[in-house]
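Asker: Right, I'll just put the structure down here and ask away after.
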Amino acid sequence: MTVLTNIATLATCRLEGGQEQIHEIPDAALAWEGPTITWVGPQSDLPQTYKDGKQVDASRALVIPGLIDCHTHLAFGGWRADEFELRCRGAEYLEIARHGGGISSTVSATRRMAADEMKKKAEGFLVEMARLGVTTVECKSGYGLDVETELKILEVYRRLKEEQPVGIVPTFLGAHIVPPEYKSKRQEYVALLTETLIPAVALRGLADFCDVFVEDTAFTPEEARQIIETAKRYGLRVKLHVDQLNDGNGAKLAAELGAASANHLEYASEEGIRAMADAGVVAVTMPLASLYLNQPAFPARSFIDAGVPVAVATDFNPGSAPSYHLPLAMMLACTMSRMTPSEVLKGATACAALALGQADRIGSLEPGKDADFVLLNAPSINHWLYHFRPNDAIATYIKGNMFSV
Ligand SMILES: [Zn+2]
């Protein structure tokens, strides 16, 4: 067993209580055995048995649970820097999409990319994310949009899950957009998803979740319902991209379909927010996407006041959010959505775990949970997100082992 001592403050981020309650312990110690936490508390209460074990001095660091990025599109071919320039010149996201740019250009690059190359690129991102304190990443498919490439992406995630330490939660997003070759026969693409791809993904155990992009340029609520009902029959859990560019009644749809989380939600209606609260759906905000697209910020207070847990994620993808810097997204959630640093920390830990259906295992520092935690060089959570620096993480531990590359 190992004990981390001399912790200035440890934020346990236990799920109970409101969004702002991160349950801090001053002058703390944390013990773990193998991959599992065995004891957390004030160092003065540390039982004698732990004092005899291996000790690691935290040198007055701040300790938080490993950060969870609960919404990324991690594996993709190419980049879209030229499109970024067009948007800087004033072109709209939907306008670029209508002219064959946007997601469909990444789809072409992803179809061409070999699996090994894709894995190497994604693994490079994971290394840098772990250095920032991220210990679990949700990873979506959705840049293949044909049987071969969607399975290729999900197989890459399976190999990453087996071969490197960062926790991977795979999500099937075959319903990202209707691919160009199905533009005039979209119902055939929905049939490909429901009759071929979802069964193939589920039977091979390649995804935990099924996600649908519900938007004018993507899928209608009716198509989403059809896809999600099929995914549920195959045992996949549900996520939705909704209400990002206008109010498409997506928040209400997420509640009706029993989604674990609804993502984006910048334009969600009051009625939709109430429905999410009643159904226990987590809202996932991705301020980097709002910032890059120059869109209004996520109305965090409406959700938190209604009792909806709010998770904070990057939405890392080559178009609308080409950054995997979760602490940066967290700082932006403070400044753009007026969440407090404590609310944001809970959003990137316990609430994010809830959005992934894994709150029993990750997202907080409690006995029985995975020993995923980060040592930060900051005097407080407020100071960490206020005096924003490239990286305040001194060390990241994943399942009890210090991450190093
Ligand atoms: Zn996304």
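Simple scheme: letters A, B, ... for chains in structure tokens order, numbers from 1 for residues in each chain, numbers from 1 for ligands in the order shown.
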Counting only C-alpha atoms and all ligand atoms, what are the residues of chain A within 9 Å of ligand 1, and for each of them which pair of atoms is the nearest and at what distance in Å, to one decimal? Sort the table by chain and rising number, as CSV.
Answerer:
```
residue,atom,partner,partner_atom_place_in_ligand_line,distance
A:His71,CA,ligand 1,1 (Zn),6.3
A:Thr72,CA,ligand 1,1 (Zn),6.2
A:His73,CA,ligand 1,1 (Zn),6.4
A:Lys140,CA,ligand 1,1 (Zn),8.1
A:His176,CA,ligand 1,1 (Zn),8.8
A:Phe213,CA,ligand 1,1 (Zn),8.1
A:His241,CA,ligand 1,1 (Zn),6.6
A:Asn263,CA,ligand 1,1 (Zn),7.5
A:His264,CA,ligand 1,1 (Zn),7.9
A:Met286,CA,ligand 1,1 (Zn),8.5
A:Ala289,CA,ligand 1,1 (Zn),8.6
A:Thr314,CA,ligand 1,1 (Zn),8.6
A:Asp315,CA,ligand 1,1 (Zn),4.8
A:Phe316,CA,ligand 1,1 (Zn),7.3
A:Asn317,CA,ligand 1,1 (Zn),7.2
A:Ser320,CA,ligand 1,1 (Zn),8.5
A:Ala321,CA,ligand 1,1 (Zn),8.5
```
Asker: Counting only C-alpha atoms, which residues of stretch 24-115 of chain A sit at most 6 Å from some atom of stretch 6-13 of chain A, and what is each one's closest atom pair with its distance in Å to one decimal, listed by chain and rising residue number, as a Markdown table?
Answerer:
```
| residue | atom | partner | partner_atom | distance |
| --- | --- | --- | --- | --- |
| A:Glu24 | CA | A:Ala11 | CA | 4.2 |
| A:Ile25 | CA | A:Leu10 | CA | 5.2 |
| A:Pro26 | CA | A:Thr9 | CA | 4.4 |
| A:Asp27 | CA | A:Ala8 | CA | 4.9 |
| A:Ala28 | CA | A:Ile7 | CA | 5.1 |
| A:Asp57 | CA | A:Asn6 | CA | 5.8 |
| A:Ala58 | CA | A:Asn6 | CA | 5.3 |
| A:Ser59 | CA | A:Asn6 | CA | 5.8 |
| A:Arg60 | CA | A:Ala8 | CA | 4.4 |
| A:Ala61 | CA | A:Ile7 | CA | 5.5 |
| A:Leu62 | CA | A:Thr9 | CA | 5.1 |
| A:Val63 | CA | A:Leu10 | CA | 4.6 |
| A:Ile64 | CA | A:Ala11 | CA | 5.2 |
```
Asker: I'd like the contact shell of A:Ala122 - 7 Å cut-off, only C-alpha atoms, skipping same-chain residues fewer than 4 positions apart - returned as a PDB file with C-alpha atoms, in the first residue's frame.
Answerer:
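File written: result.pdb
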```pdb
ATOM      1  CA  LEU A  74     -10.449  11.840 -30.225  1.00  0.00           C
ATOM      2  CA  ALA A  75      -9.616   9.886 -33.394  1.00  0.00           C
ATOM      3  CA  MET A 118      -4.802   6.830 -36.272  1.00  0.00           C
ATOM      4  CA  LEU A 126      -3.871  11.091 -24.576  1.00  0.00           C
TER       5      LEU A 126
END
```
Asker: Please identify which residues in stretch 211-298 of chain A DSSP calls strand (DSSP E or B) from the backbone, and express them as a VMD selection string.
Answerer: chain A and resid 211 to 214 219 237 to 242 261 to 264 282 to 285
Asker: Of the candidates A:Ala97, A:Ala255, A:Leu354, A:Ala300, which one gets nearest to A:Ala279 if we count only C-alpha atoms?
Answerer: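 Going through A:Ala97, A:Ala255, A:Leu354, A:Ala300 one by one, the smallest distance to A:Ala279 is for A:Ala255.
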